[in-house]
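Accompanying notes for the structure given below.
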Amino acid sequence: MFIVNGRGPELLKDLTNLKAKLVGLDPAITKEFANKLPIDLTIPPSTTGSENSWEYNYFHMTPTIAAVTILSKFENDVKNAENQIVTFCHNQVGAVKIVYNDFQAIAAANSTYLMPGQELVVTAGVGAFNKDAKPTVIIDGANIALNEKGIAEKKFQVAGGGNKKVHVVISYLKPDGTTDKLEKDIEYTVGTPGGVAASADKMNVFYIGVDNPVTVGSPTGWDKTSVNISGGGATISGSNGKFVVKATTIGNATLNVTADGKTTPFAFRVKRIPDPVFKVGPSSGGGIQAAVFKAQQFCRADLENFDFEARYQVVGATIYFTGANFPVPQSVTITSNNLGGIAQMSKCGPGTSVIFDQVQVVGPDGSRRTIQAPGFLLK
């Protein structure tokens, strides 16, 4: 049948195509099984000693039972080939894709500037990477190329004094081929010449319109130390380490401390004092007892959560009265914080709404500003 009816070439073609498809499933499978897949399609030796076709040498004058045995052999070869490829694929699950082939000793300290009694922490180990899959390193927002040792280096000209930090982001390939990311702040300390130091006693900000106390330290003695300030319309007064800065312009100011001929700059921000909170009695808006509200003779503007002694004065507002006892809405304009002379105040009862609009205040810096206007609902 395989010779007379032409089924032999058909079987050979099917086996050849199957073998090609199995080997071509993946480059890794091709590499592994190209020369050893257990489906042998070579022409067997001829029993007559002459060169004939594949099907002729297998099936010419072959008894039926022998032909069935040959077909069973090919069937087993196919199953064996499929089993070997499935086993190979299964073994690749979880296999290491990235092989670390280079190493570098790594050691770092938590600080390069310490004082007696402070703790020094040293971290050391071995870093490993793949030369063909080096990490991506970003230092303070800049992408840094790796050197021949697989390490990124960035040099800084440090300035100022005190504790500083550099933000580092490292993206790298894990052994399973996935990508991960590490973010870390590298902290360091910048010393100052001769131990000079300066700090605002309240915070690292100078506020306009108030006295900003500053402490300056110098190891050389005040006969060899001078202090001056520039920027922010600022002036400085004081002596022997205790100074007061007054600023007039939003921006930046630089405090310059010269000790034994060496000048060290310290940068500060100059800001306006925050807006105050408008209040009537105990309330900054919302629900309030009518009796409590009508008893108030003044309104005010308070600075909350502010470290300086500073006051605001209400110098103007428009007040709207609606609701109970005011069938027709009424308004009145004030030019101070005095509420005692307003006739509408005595008419306020439960259900009255009182809204303060365009509230004008003047602070320590002498400037006039408009702050958020609250509304009150009398109960």
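Residue numbering restarts at 1 in every chain; chains get A, B, ... in the order shown in the structure tokens, and ligands count up from 1 in that same order.
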I want to know what sits within 8 Å of range 349-364 of chain A, based on only C-alpha atoms, with residues of the same chain fewer than 2 positions away left out; could you give that as a ChimeraX atom specification?
/A:208-210,289-291,301,310-326,347,366-379
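Every residue of range 301-356 of chain A with a DSSP assignment of alpha helix (DSSP H), taken from the backbone, is listed as Ala343, Gln344, Met345, Ser346 and Lys347 of chain A.
Coordinates place CA of Leu71 in chain A at a distance of 10.0 Å from CA of Phe59 in chain A.
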Extract, using only C-alpha atoms, all DNA, RNA and protein residues at most 10 Å from Lys181 in chain A, discarding same-chain residues fewer than 6 positions from it, and format them as a VMD selection string.
chain A and resid 135 to 137 169 to 174
Keeping N, CA and C atoms, export the residues of the selection given above as a short mmCIF file (atom, residue, chain, number, x, y, z; two decimals), in the first residue's frame.
data_model
loop_
_atom_site.label_atom_id
_atom_site.label_comp_id
_atom_site.auth_asym_id
_atom_site.auth_seq_id
_atom_site.Cartn_x
_atom_site.Cartn_y
_atom_site.Cartn_z
N PRO A 135 22.76 48.08 35.00
CA PRO A 135 21.63 48.86 35.52
C PRO A 135 21.60 50.27 34.95
N THR A 136 20.43 50.90 35.07
CA THR A 136 20.26 52.31 34.73
C THR A 136 20.26 53.10 36.03
N VAL A 137 21.13 54.11 36.13
CA VAL A 137 21.29 54.86 37.36
C VAL A 137 20.97 56.33 37.13
N VAL A 169 18.26 56.69 42.02
CA VAL A 169 17.30 55.70 41.52
C VAL A 169 18.06 54.71 40.65
N ILE A 170 17.97 53.42 40.97
CA ILE A 170 18.67 52.38 40.21
C ILE A 170 17.65 51.39 39.67
N SER A 171 17.61 51.22 38.36
CA SER A 171 16.76 50.21 37.71
C SER A 171 17.66 49.08 37.21
N TYR A 172 17.28 47.84 37.51
CA TYR A 172 18.16 46.72 37.18
C TYR A 172 17.36 45.47 36.85
N LEU A 173 18.02 44.52 36.18
CA LEU A 173 17.41 43.25 35.82
C LEU A 173 17.64 42.25 36.94
N LYS A 174 16.57 41.59 37.36
CA LYS A 174 16.67 40.54 38.37
C LYS A 174 17.05 39.22 37.68
#
Counting only C-alpha atoms, the residue among A:Pro44, A:Ala145, A:Leu182, A:Gln92 that lies closest to Ile70 in chain A is A:Pro44
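If you measure from each of A:Gly340, A:Gly221, A:Pro9, A:Gly232 to Val205 in chain A using only C-alpha atoms, the closest one turns out to be A:Gly232.
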So the first atom is CA of Val244 in chain A and the second is CA of Asn212 in chain A; what is the distance between them in Å, to one decimal place?
5.3 Å
Polymer residues at most 12 Å from Lys21 in chain A, only C-alpha atoms, same-chain spacing of 2 or more positions, as a ChimeraX atom specification
/A:14-19,23-27,29-30,33-34,37,81-82,85
Among listed residues A:Arg269, A:Lys36, A:Lys165, A:Lys246, nearest Asp140 in chain A (using only C-alpha atoms):
A:Lys165
Among range 183-325 of chain A, which ones does DSSP assign to strand (DSSP E) (computed from the backbone)? Answer as JSON, numbers by chain.
{"A": [183, 184, 185, 186, 187, 188, 189, 190, 197, 198, 199, 200, 205, 206, 207, 212, 213, 214, 215, 216, 217, 225, 226, 227, 228, 229, 230, 235, 236, 237, 238, 239, 242, 243, 244, 245, 246, 251, 252, 253, 254, 255, 256, 257, 258, 259, 262, 263, 264, 265, 266, 267, 268, 269, 270, 271, 277, 278, 279, 280, 286, 287, 288, 299, 300, 301, 302, 313, 314, 315, 316, 317, 318, 319, 320, 321, 322, 323]}
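Using only C-alpha atoms, the protein and nucleic acid residues lying no more than 8 Å from range 296-298 of chain A, apart from those fewer than 5 places from it along its own chain, are Val280, Gly281, Asn337, Asn338, Leu339 and Gly340 of chain A.
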Write out, as a short mmCIF file (atom, residue, chain, number, x, y, z; two decimals), in the first residue's frame, the residues just selected, with C-alpha atoms.
data_model
loop_
_atom_site.label_atom_id
_atom_site.label_comp_id
_atom_site.auth_asym_id
_atom_site.auth_seq_id
_atom_site.Cartn_x
_atom_site.Cartn_y
_atom_site.Cartn_z
CA VAL A 280 -15.70 86.96 65.42
CA GLY A 281 -15.57 85.95 69.05
CA ASN A 337 -12.60 96.14 63.42
CA ASN A 338 -15.42 97.82 65.38
CA LEU A 339 -18.78 95.99 65.28
CA GLY A 340 -20.36 97.78 68.22
#
Excluding Val168 in chain A and any residue of its chain fewer than 6 positions from it, enumerate the residues within 12 Å of it, using only C-alpha atoms, and give them as a PyMOL selection string.
chain A and resi 136-144+152-154+181-187
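Within the 9 Å cut-off around Pro274 in chain A, using only C-alpha atoms and omitting residues fewer than 3 positions from it on the same chain, the listed residues are Lys271, Leu303 and Phe306 of chain A.
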For the selection just defined, write its residues with N, CA and C atoms to a file, as a short mmCIF file (atom, residue, chain, number, x, y, z; two decimals), in the first residue's frame.
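Below is the file that was written, again.cif:
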data_model
loop_
_atom_site.label_atom_id
_atom_site.label_comp_id
_atom_site.auth_asym_id
_atom_site.auth_seq_id
_atom_site.Cartn_x
_atom_site.Cartn_y
_atom_site.Cartn_z
N LYS A 271 10.13 85.39 52.99
CA LYS A 271 8.73 85.17 52.65
C LYS A 271 7.84 86.17 53.39
N LEU A 303 -3.17 85.21 63.66
CA LEU A 303 -2.18 84.32 63.07
C LEU A 303 -2.16 83.03 63.87
N PHE A 306 1.95 80.08 64.11
CA PHE A 306 3.06 80.90 63.63
C PHE A 306 3.98 81.21 64.80
#
